[in-house]
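One structure is given here, and the rest of the page talks about it.
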Amino acid sequence: MSLWQKLSMAGKKRPKVRSRDVEGIRYLQRLRPLLERLHDVGCERDRAGNRQLFFDDYCMLVLLYLFSPLVSSLRAVQQASELQKVQRKLKCPRASLGSLSESADVFDANRLQEIIQELGAELQLLGRDARLQEVQHALTLVDGTLITVLPRMMEASFLYAEKGKGLVRWRLHTHFEVDRYVPTRVDVTRDGGGERDERTVMERQIESDHCYVMDKGYAKFTLFNRIHGADSSYVCRVRDNSQYRVLERRPLSEEAVAADIIEDAVVELGVHSKPEARPDHPMRLVTIQAEPHEKRRWKGKTGTACDGYLRLATDMLDAPAEVIALIYRYRWTIEIFFRFFKHVLGCRHLLSHEQNGIEIQTYCAIIACMLISLWTGRKPTLRTYEMICYYFIGLASEAELLAHIDRLKKHDQ
């Protein structure tokens with residue numbers, strides 16, 4: 001529990017954000033020209049012409065929230081906007097709590113995606129494992145994470161009467177590019193099936209020239225067909241009870257055996273499925289020995305079981321089996337990012353509980369990750385983020401921050 005949480009529980013008033021608590025904000029000034037195109041977004045309804053908080057202002061304040069540990073809530077953002085230093089360096093006006101709350105409904109979160117794409121184009125490749133040089137497509141991890149929030153009182157009462165609980169779960173459908181170590185796309189939906197199912201959302205996001213790495217929740221033959229047809233490739237774990245017919249067993253190399261691979265075969269999956277739902281391309285199944293375990297429960301949730309084998313389906317017929325196994329091992333990188341996103345960037349606490357507001361905060365968090373990578377030339381890590389935060393609250397000097405970044409670059413040489 002943080003100091004601020006303890007103070008809150010003790011009934012004490014949180015300290016106000018002061019000018020000396022937000023050092024280092026000049027680094028965010030460099031982003032201002034990129035955000036200026038958003039200035040008039042959402043102004044169509046402002047017929048009186050008296051709007052003072054614009055979309056670019058709001059994004060700058062959200063980024064300040066992400067980088068300044070003392071700016072820990074929407075009210076703290078409002079307090080920070082009253083500081084002359086923040087107004088002068090970020091060119092943001094004083095914002096009322098009402099206008100900040102309204103921003104989640106007024107501004108279009110999708111307009112931030114073009115800025116994410118531009119920043120992503122500036123990012124340098126951080127280096128690929130030499131064993132993956134044969135993979136021509138961009139290695140892209142696909143998964144989702146849940147954020148649980150308490151909705152407005154009326155909606156909470158309705159949900160409690162209908163489902164016995166008054167919480168709303170939002171799912172962040174994320175595409176994470178390994179070579180640049182940043183998310184390249186996040187789509188926010190309510191948790192649920194139908195059009196919000198993770199596989200259905202994934203089908204709408206497929207692009208060419210990607211190698212999509214997915215866990216068994218995404219195992220769906222029509223999804224595999226869509227990926228293959230888009231000139232991309234995939235590596236996806238399939239369920240333990242998957243039905244298939246072996247067409248060709250391939251010999252295992254010493255490297256494959258060392259990677260605990262016990263079978264490499266070209267197969268026909270979905271032998272009991274309807275013809276229109278079967279794979280329309282050759283598929284390969286790489287089976288890896290793993291530690292078996294039963295279903296486990298943690299915090300009321302049931303985890304998946306494993307019968308002692310990981311079965312990886314792929315349309316990459318020419319890559320060595322040990323490379324397929326290595327590609328799937330990288331899937332855990334996205335879990336590490338989710339932890340960084342929630343616990344380090346502070347996105348477990350949402351500034352808005354509306355979908356558009358959550359998307360704005362999510363896209364700003366992606367921009368924050370990209371800024372760290374652009375500033376340091378390395379993937380965002382806890383130590384680097386902490387050093388940047390120390391600089392933002394005045395505990396570290398600019399020279400100390402630059403020295404930290406130089407040490408990172410020397411370490412990579």
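By convention in this document, the chains of the structure tokens carry letters A, B, ... by their order, each chain's residues are numbered from 1, and ligands are numbered from 1 in the order they are shown.
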Exercise. Name all residues at most 12 Å from Phe107 in chain A (count only C-alpha atoms; drop same-chain ones fewer than 4 positions away) and give them as a ChimeraX atom specification.
Key: /A:38-45,53-59,99-103,111-112,354-361
Quiz prompt | Atom pair CA of Thr381 in chain A / CA of Leu31 in chain A: separation (Å) | solution =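 CA of Thr381 in chain A sits 20.9 Å away from CA of Leu31 in chain A.
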Exercise. Just the residues within 12 Å of Leu345 in chain A, please, counting only C-alpha atoms, with nothing from its chain fewer than 6 positions along; format it as a ChimeraX atom specification.
Key: /A:62-69,71-72,337-339,361-362,364-369,372,380-382,385-386,388-389
Could you take the residues named above and write them with N, CA and C atoms, as a CSV table (one decimal), in the first residue's frame?
chain,number,residue,atom,x,y,z
A,62,VAL,N,-2.8,14.4,-19.3
A,62,VAL,CA,-2.8,13.0,-19.0
A,62,VAL,C,-1.4,12.4,-19.0
A,63,LEU,N,-0.5,12.9,-19.9
A,63,LEU,CA,0.9,12.5,-19.9
A,63,LEU,C,1.6,12.9,-18.7
A,64,LEU,N,1.3,14.1,-18.2
A,64,LEU,CA,1.8,14.6,-16.9
A,64,LEU,C,1.4,13.6,-15.8
A,65,TYR,N,0.2,13.2,-15.8
A,65,TYR,CA,-0.3,12.2,-14.8
A,65,TYR,C,0.5,10.9,-14.9
A,66,LEU,N,0.8,10.5,-16.1
A,66,LEU,CA,1.5,9.2,-16.3
A,66,LEU,C,3.0,9.3,-15.8
A,67,PHE,N,3.6,10.5,-15.9
A,67,PHE,CA,5.0,10.6,-15.6
A,67,PHE,C,5.3,11.2,-14.2
A,68,SER,N,4.3,11.7,-13.6
A,68,SER,CA,4.5,12.4,-12.3
A,68,SER,C,3.8,11.6,-11.2
A,69,PRO,N,4.5,10.9,-10.3
A,69,PRO,CA,3.9,10.0,-9.3
A,69,PRO,C,2.9,10.8,-8.4
A,71,VAL,N,1.0,13.2,-9.1
A,71,VAL,CA,-0.2,13.5,-9.8
A,71,VAL,C,-0.9,12.2,-10.0
A,72,SER,N,-1.7,11.8,-9.0
A,72,SER,CA,-2.2,10.4,-8.9
A,72,SER,C,-3.7,10.3,-9.1
A,337,PHE,N,4.7,-6.5,-20.2
A,337,PHE,CA,4.2,-5.2,-20.6
A,337,PHE,C,3.0,-4.8,-19.8
A,338,PHE,N,2.0,-5.8,-19.8
A,338,PHE,CA,0.7,-5.5,-19.1
A,338,PHE,C,1.0,-5.1,-17.6
A,339,ARG,N,2.0,-5.8,-17.0
A,339,ARG,CA,2.3,-5.4,-15.6
A,339,ARG,C,2.9,-4.0,-15.6
A,361,GLN,N,-6.7,7.5,-22.3
A,361,GLN,CA,-5.7,7.2,-21.3
A,361,GLN,C,-4.8,6.1,-21.8
A,362,THR,N,-5.4,5.1,-22.4
A,362,THR,CA,-4.6,4.0,-23.0
A,362,THR,C,-3.6,4.4,-24.1
A,364,CYS,N,-2.5,7.4,-24.6
A,364,CYS,CA,-1.5,8.3,-24.0
A,364,CYS,C,-0.4,7.5,-23.3
A,365,ALA,N,-0.8,6.3,-22.7
A,365,ALA,CA,0.2,5.4,-22.1
A,365,ALA,C,1.1,4.8,-23.1
A,366,ILE,N,0.5,4.5,-24.3
A,366,ILE,CA,1.3,4.0,-25.4
A,366,ILE,C,2.3,5.0,-25.8
A,367,ILE,N,1.9,6.3,-25.9
A,367,ILE,CA,2.8,7.4,-26.3
A,367,ILE,C,3.9,7.5,-25.3
A,368,ALA,N,3.5,7.4,-24.0
A,368,ALA,CA,4.5,7.5,-22.9
A,368,ALA,C,5.6,6.4,-23.1
A,369,CYS,N,5.2,5.2,-23.4
A,369,CYS,CA,6.1,4.1,-23.6
A,369,CYS,C,7.0,4.4,-24.8
A,372,ILE,N,9.6,7.0,-23.8
A,372,ILE,CA,10.8,6.4,-23.1
A,372,ILE,C,11.7,5.8,-24.0
A,380,PRO,N,11.2,0.2,-22.5
A,380,PRO,CA,10.8,0.8,-21.2
A,380,PRO,C,11.0,-0.2,-20.1
A,381,THR,N,11.8,0.1,-19.1
A,381,THR,CA,12.0,-0.7,-17.9
A,381,THR,C,11.6,0.0,-16.7
A,382,LEU,N,11.4,-0.7,-15.6
A,382,LEU,CA,11.0,-0.1,-14.3
A,382,LEU,C,12.1,0.8,-13.8
A,385,TYR,N,12.0,4.0,-16.0
A,385,TYR,CA,10.8,4.8,-15.7
A,385,TYR,C,10.9,5.5,-14.3
A,386,GLU,N,11.5,4.8,-13.3
A,386,GLU,CA,11.7,5.4,-12.0
A,386,GLU,C,12.6,6.6,-12.1
A,388,ILE,N,13.1,8.5,-14.6
A,388,ILE,CA,12.4,9.6,-15.2
A,388,ILE,C,11.5,10.3,-14.2
A,389,CYS,N,10.8,9.4,-13.4
A,389,CYS,CA,9.9,10.0,-12.4
A,389,CYS,C,10.6,10.8,-11.4
Quiz item: Which residues in range 62-148 of chain A does DSSP call helix (DSSP H, G or I)? List them as a PyMOL selection string.
Solution: chain A and resi 62-67+74-81+84-90+97-106+109-122+130-132
Kindly save the residues from that selection, with C-alpha atoms included, as a PDB file, in the first residue's frame.
ATOM      1  CA  VAL A  62      -2.785  12.970 -19.004  1.00  0.00           C
ATOM      2  CA  LEU A  63       0.882  12.484 -19.930  1.00  0.00           C
ATOM      3  CA  LEU A  64       1.850  14.579 -16.914  1.00  0.00           C
ATOM      4  CA  TYR A  65      -0.280  12.220 -14.812  1.00  0.00           C
ATOM      5  CA  LEU A  66       1.531   9.198 -16.278  1.00  0.00           C
ATOM      6  CA  PHE A  67       5.013  10.580 -15.595  1.00  0.00           C
ATOM      7  CA  LEU A  74      -8.112  13.401 -11.792  1.00  0.00           C
ATOM      8  CA  ARG A  75      -8.346  15.875  -8.926  1.00  0.00           C
ATOM      9  CA  ALA A  76      -4.538  15.975  -8.729  1.00  0.00           C
ATOM     10  CA  VAL A  77      -4.430  16.655 -12.486  1.00  0.00           C
ATOM     11  CA  GLN A  78      -6.778  19.573 -11.882  1.00  0.00           C
ATOM     12  CA  GLN A  79      -4.517  20.894  -9.116  1.00  0.00           C
ATOM     13  CA  ALA A  80      -1.460  20.572 -11.346  1.00  0.00           C
ATOM     14  CA  SER A  81      -3.196  22.577 -14.079  1.00  0.00           C
ATOM     15  CA  GLN A  84       2.053  28.499 -13.347  1.00  0.00           C
ATOM     16  CA  LYS A  85       4.978  26.240 -14.273  1.00  0.00           C
ATOM     17  CA  VAL A  86       2.648  23.664 -15.811  1.00  0.00           C
ATOM     18  CA  GLN A  87       0.651  26.348 -17.632  1.00  0.00           C
ATOM     19  CA  ARG A  88       3.807  28.006 -18.957  1.00  0.00           C
ATOM     20  CA  LYS A  89       5.799  24.959 -20.047  1.00  0.00           C
ATOM     21  CA  LEU A  90       2.971  22.714 -21.242  1.00  0.00           C
ATOM     22  CA  LEU A  97     -12.695  19.272 -12.557  1.00  0.00           C
ATOM     23  CA  GLY A  98     -15.884  19.393 -14.588  1.00  0.00           C
ATOM     24  CA  SER A  99     -14.107  20.147 -17.872  1.00  0.00           C
ATOM     25  CA  LEU A 100     -11.596  17.343 -17.230  1.00  0.00           C
ATOM     26  CA  SER A 101     -14.421  14.895 -16.583  1.00  0.00           C
ATOM     27  CA  GLU A 102     -16.287  16.083 -19.681  1.00  0.00           C
ATOM     28  CA  SER A 103     -13.197  15.560 -21.856  1.00  0.00           C
ATOM     29  CA  ALA A 104     -13.682  11.789 -21.790  1.00  0.00           C
ATOM     30  CA  ASP A 105     -16.929  12.248 -23.766  1.00  0.00           C
ATOM     31  CA  VAL A 106     -16.057  15.237 -25.967  1.00  0.00           C
ATOM     32  CA  ALA A 109      -9.699   8.961 -28.814  1.00  0.00           C
ATOM     33  CA  ASN A 110      -9.165   7.487 -32.299  1.00  0.00           C
ATOM     34  CA  ARG A 111      -7.381  10.655 -33.429  1.00  0.00           C
ATOM     35  CA  LEU A 112      -4.461   9.659 -31.191  1.00  0.00           C
ATOM     36  CA  GLN A 113      -3.787   6.560 -33.276  1.00  0.00           C
ATOM     37  CA  GLU A 114      -2.227   8.552 -36.108  1.00  0.00           C
ATOM     38  CA  ILE A 115       0.208  10.116 -33.618  1.00  0.00           C
ATOM     39  CA  ILE A 116       1.075   6.668 -32.280  1.00  0.00           C
ATOM     40  CA  GLN A 117       1.809   5.528 -35.835  1.00  0.00           C
ATOM     41  CA  GLU A 118       4.091   8.518 -36.459  1.00  0.00           C
ATOM     42  CA  LEU A 119       6.020   7.972 -33.230  1.00  0.00           C
ATOM     43  CA  GLY A 120       6.232   4.254 -33.992  1.00  0.00           C
ATOM     44  CA  ALA A 121       7.844   5.046 -37.332  1.00  0.00           C
ATOM     45  CA  GLU A 122      10.583   6.972 -35.489  1.00  0.00           C
ATOM     46  CA  ALA A 130      19.931 -13.835 -33.882  1.00  0.00           C
ATOM     47  CA  ARG A 131      17.998 -17.104 -33.896  1.00  0.00           C
ATOM     48  CA  LEU A 132      14.956 -15.262 -35.271  1.00  0.00           C
TER      49      LEU A 132
END
Do you have, as JSON lines, the list of residues of range 197-218 of chain A lying at most 10 Å from range 181-191 of chain A, each with its nearest atom pair and that distance in Å to one decimal, counting only C-alpha atoms and ordered by chain then number?
{"residue": "A:Asp197", "atom": "CA", "partner": "A:Asp191", "partner_atom": "CA", "distance": 7.7}
{"residue": "A:Glu198", "atom": "CA", "partner": "A:Asp191", "partner_atom": "CA", "distance": 8.9}
{"residue": "A:Val201", "atom": "CA", "partner": "A:Asp187", "partner_atom": "CA", "distance": 8.2}
{"residue": "A:Met202", "atom": "CA", "partner": "A:Asp187", "partner_atom": "CA", "distance": 9.5}
{"residue": "A:Gln205", "atom": "CA", "partner": "A:Arg185", "partner_atom": "CA", "distance": 8.8}
Pull C-alpha atoms from the residues just selected and write them as a tab-separated table (two decimals), in the first residue's frame.
chain	number	residue	atom	x	y	z
A	197	ASP	CA	-14.87	-11.68	-28.30
A	198	GLU	CA	-11.08	-11.50	-28.50
A	201	VAL	CA	-11.83	-8.30	-32.48
A	202	MET	CA	-8.57	-9.84	-33.73
A	205	GLN	CA	-7.23	-5.96	-36.84
